[in-house]
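Notes for the one structure printed next.
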Amino acid sequence: MKKIIVNADDWGLHSSINEAIVDGVNIGSINGISVCVNGQATDIKTLRYLYQKGIRIGLHLTWVGEPWLTKKVQFSNWKNFIIHYLLNKKNFIKDIIIESEAQLNKLVEAGIIPSHIDSHQHLHVLPELWEHVNLVASKIDNCNVRSCYVKDRNWIKNGILGKMLQKFANKNCDEEQFFFSCAGIKYSGNNTLSTIKKEINENSSDSLELIL
């Protein structure tokens, strides 16, 4: 029998997303949430209630799509983020680390100790960022980092982003002793019951994180 974590990303980006996640929790189909603490609809009060009920709450590091907590900056998409990352890597990584710690502190100050850390559009798999995120997670008891590793190539995300994501995930997982294989990445944002069932059935991993 597979061990499956069903995790809902993007809490805080929009109130309708929060409502759908709460519905999923209430019917027992979601047992984990990843939070954008700098989102426009974070709703810490409801989040704290779910945390107290035993739902796994994680930090969804959000460097794109939403304004940063520490600087007056906002990257509209992952492409703009990658350009800045490549052109001024050393200084940009320092800024990212400061912002990441601010986002983590905001969650902890709300009384929530994250069970896991991942990121919006999976940008934490970039080499230097992967190292930093794992270092942060290592200081928190039983805190995992999403691998983004997809075991079957038929289920990796289409396009250049999917290929990049898989390349970095493969390298990162080679360095780790344990990780969850991921499902739901290929059709992220557009998954259906049919695609989810098919991918889970075709996945031969014993431990699986289903990303919604």
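FYI, nothing fancy with the structure tokens labels: chains A, B, ... in order, residues from 1 per chain, ligands from 1 as they appear.
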
Report as CSV the residues of segment 70-114 of chain A within 10 Å of segment 54-59 of chain A, each with its shortest atom pair and distance in Å (one decimal), using only C-alpha atoms, ordered by chain and increasing residue number.
```
residue,atom,partner,partner_atom,distance
A:Ser100,CA,A:Leu59,CA,9.5
A:Gln103,CA,A:Leu59,CA,7.9
A:Leu104,CA,A:Leu59,CA,6.8
A:Lys106,CA,A:Leu59,CA,9.9
A:Leu107,CA,A:Leu59,CA,7.4
A:Val108,CA,A:Leu59,CA,9.8
A:Ile112,CA,A:Ile57,CA,7.4
A:Ile113,CA,A:Ile57,CA,7.7
A:Pro114,CA,A:Gly58,CA,4.5
```

Got time to write the residues from that selection, N, CA, C and O atoms, as an mmCIF file, in the first residue's frame?
```cif
data_model
loop_
_atom_site.group_PDB
_atom_site.id
_atom_site.type_symbol
_atom_site.label_atom_id
_atom_site.label_comp_id
_atom_site.auth_asym_id
_atom_site.auth_seq_id
_atom_site.Cartn_x
_atom_site.Cartn_y
_atom_site.Cartn_z
ATOM 1 N N SER A 100 13.199 34.639 2.452
ATOM 2 C CA SER A 100 12.733 33.312 2.881
ATOM 3 C C SER A 100 12.635 33.240 4.399
ATOM 4 O O SER A 100 11.662 32.702 4.944
ATOM 5 N N GLN A 103 9.594 35.123 5.571
ATOM 6 C CA GLN A 103 8.362 34.359 5.369
ATOM 7 C C GLN A 103 8.225 33.248 6.410
ATOM 8 O O GLN A 103 7.129 33.009 6.937
ATOM 9 N N LEU A 104 9.323 32.572 6.699
ATOM 10 C CA LEU A 104 9.294 31.530 7.726
ATOM 11 C C LEU A 104 8.934 32.118 9.083
ATOM 12 O O LEU A 104 8.091 31.577 9.803
ATOM 13 N N LYS A 106 7.226 34.722 9.783
ATOM 14 C CA LYS A 106 5.819 35.136 9.845
ATOM 15 C C LYS A 106 4.926 33.951 10.186
ATOM 16 O O LYS A 106 3.960 34.092 10.952
ATOM 17 N N LEU A 107 5.244 32.786 9.648
ATOM 18 C CA LEU A 107 4.457 31.584 9.944
ATOM 19 C C LEU A 107 4.676 31.146 11.386
ATOM 20 O O LEU A 107 3.719 30.829 12.104
ATOM 21 N N VAL A 108 5.930 31.148 11.813
ATOM 22 C CA VAL A 108 6.261 30.722 13.176
ATOM 23 C C VAL A 108 5.657 31.679 14.199
ATOM 24 O O VAL A 108 5.153 31.251 15.247
ATOM 25 N N ILE A 112 2.652 28.565 14.253
ATOM 26 C CA ILE A 112 2.640 27.374 13.400
ATOM 27 C C ILE A 112 4.074 26.965 13.070
ATOM 28 O O ILE A 112 4.817 27.737 12.451
ATOM 29 N N ILE A 113 4.453 25.781 13.479
ATOM 30 C CA ILE A 113 5.768 25.237 13.146
ATOM 31 C C ILE A 113 5.597 24.379 11.897
ATOM 32 O O ILE A 113 4.864 23.384 11.925
ATOM 33 N N PRO A 114 6.242 24.744 10.794
ATOM 34 C CA PRO A 114 5.990 24.029 9.530
ATOM 35 C C PRO A 114 6.462 22.583 9.541
ATOM 36 O O PRO A 114 7.549 22.268 10.032
#
```

Sel. of alpha helix (DSSP H) residues, segment 54-209 of chain A, as JSON, numbers by chain: {"A": [78, 79, 80, 81, 82, 83, 84, 85, 86, 87, 89, 90, 91, 92, 93, 94, 95, 96, 97, 98, 99, 100, 101, 102, 103, 104, 105, 106, 107, 108, 109, 127, 128, 129, 130, 131, 132, 133, 134, 135, 136, 137, 138, 159, 160, 161, 162, 163, 164, 165, 166, 167, 168, 169, 170, 171, 172, 173, 174, 193, 194, 195, 196, 197, 198, 199, 200, 201, 202]}

How close does each residue of segment 41-113 of chain A get to segment 146-168 of chain A, giving the shortest atom pair and distance in Å to one decimal for every residue with an atom at most 12 Å away, counting only C-alpha atoms, sorted by chain and residue number, as a Markdown table?
```
| residue | atom | partner | partner_atom | distance |
| --- | --- | --- | --- | --- |
| A:Gly58 | CA | A:Arg146 | CA | 10.2 |
| A:Leu59 | CA | A:Arg146 | CA | 10.6 |
| A:His60 | CA | A:Arg146 | CA | 10.1 |
| A:Leu61 | CA | A:Arg146 | CA | 11.4 |
| A:Asn77 | CA | A:Leu161 | CA | 11.8 |
| A:Trp78 | CA | A:Leu161 | CA | 9.1 |
| A:Lys79 | CA | A:Leu161 | CA | 9.3 |
| A:Ile82 | CA | A:Leu161 | CA | 10.9 |
```

Pick out each residue of segment 22-198 of chain A that DSSP on the backbone tags as strand (DSSP E or B); I need them as a PyMOL selection string. chain A and resi 32-35+56-61+64+75+116-119+144-145+181-183

Please save C-alpha atoms of the selected residues as a PDB file, in the first residue's frame.
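Result saved to part-v1.pdb:
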```pdb
ATOM      1  CA  GLY A  32      -1.515  18.965   4.183  1.00  0.00           C
ATOM      2  CA  ILE A  33      -1.427  22.649   3.252  1.00  0.00           C
ATOM      3  CA  SER A  34       1.365  24.855   1.914  1.00  0.00           C
ATOM      4  CA  VAL A  35       0.995  28.524   2.808  1.00  0.00           C
ATOM      5  CA  ARG A  56       0.129  19.396   8.275  1.00  0.00           C
ATOM      6  CA  ILE A  57       0.967  23.042   7.596  1.00  0.00           C
ATOM      7  CA  GLY A  58       4.011  23.926   5.520  1.00  0.00           C
ATOM      8  CA  LEU A  59       5.682  27.051   4.162  1.00  0.00           C
ATOM      9  CA  HIS A  60       5.109  27.687   0.457  1.00  0.00           C
ATOM     10  CA  LEU A  61       8.016  30.053  -0.212  1.00  0.00           C
ATOM     11  CA  VAL A  64       7.032  35.134  -7.647  1.00  0.00           C
ATOM     12  CA  PHE A  75       8.292  39.094 -10.013  1.00  0.00           C
ATOM     13  CA  HIS A 116       7.431  20.936   5.379  1.00  0.00           C
ATOM     14  CA  ILE A 117       8.832  23.571   3.066  1.00  0.00           C
ATOM     15  CA  ASP A 118       8.272  23.932  -0.670  1.00  0.00           C
ATOM     16  CA  SER A 119       7.868  26.873  -3.033  1.00  0.00           C
ATOM     17  CA  ASN A 144      10.677  17.909   5.138  1.00  0.00           C
ATOM     18  CA  VAL A 145      11.479  19.615   1.833  1.00  0.00           C
ATOM     19  CA  SER A 181       8.057  11.054  -5.213  1.00  0.00           C
ATOM     20  CA  CYS A 182       5.592  13.675  -6.434  1.00  0.00           C
ATOM     21  CA  ALA A 183       2.372  13.450  -8.415  1.00  0.00           C
TER      22      ALA A 183
END
```
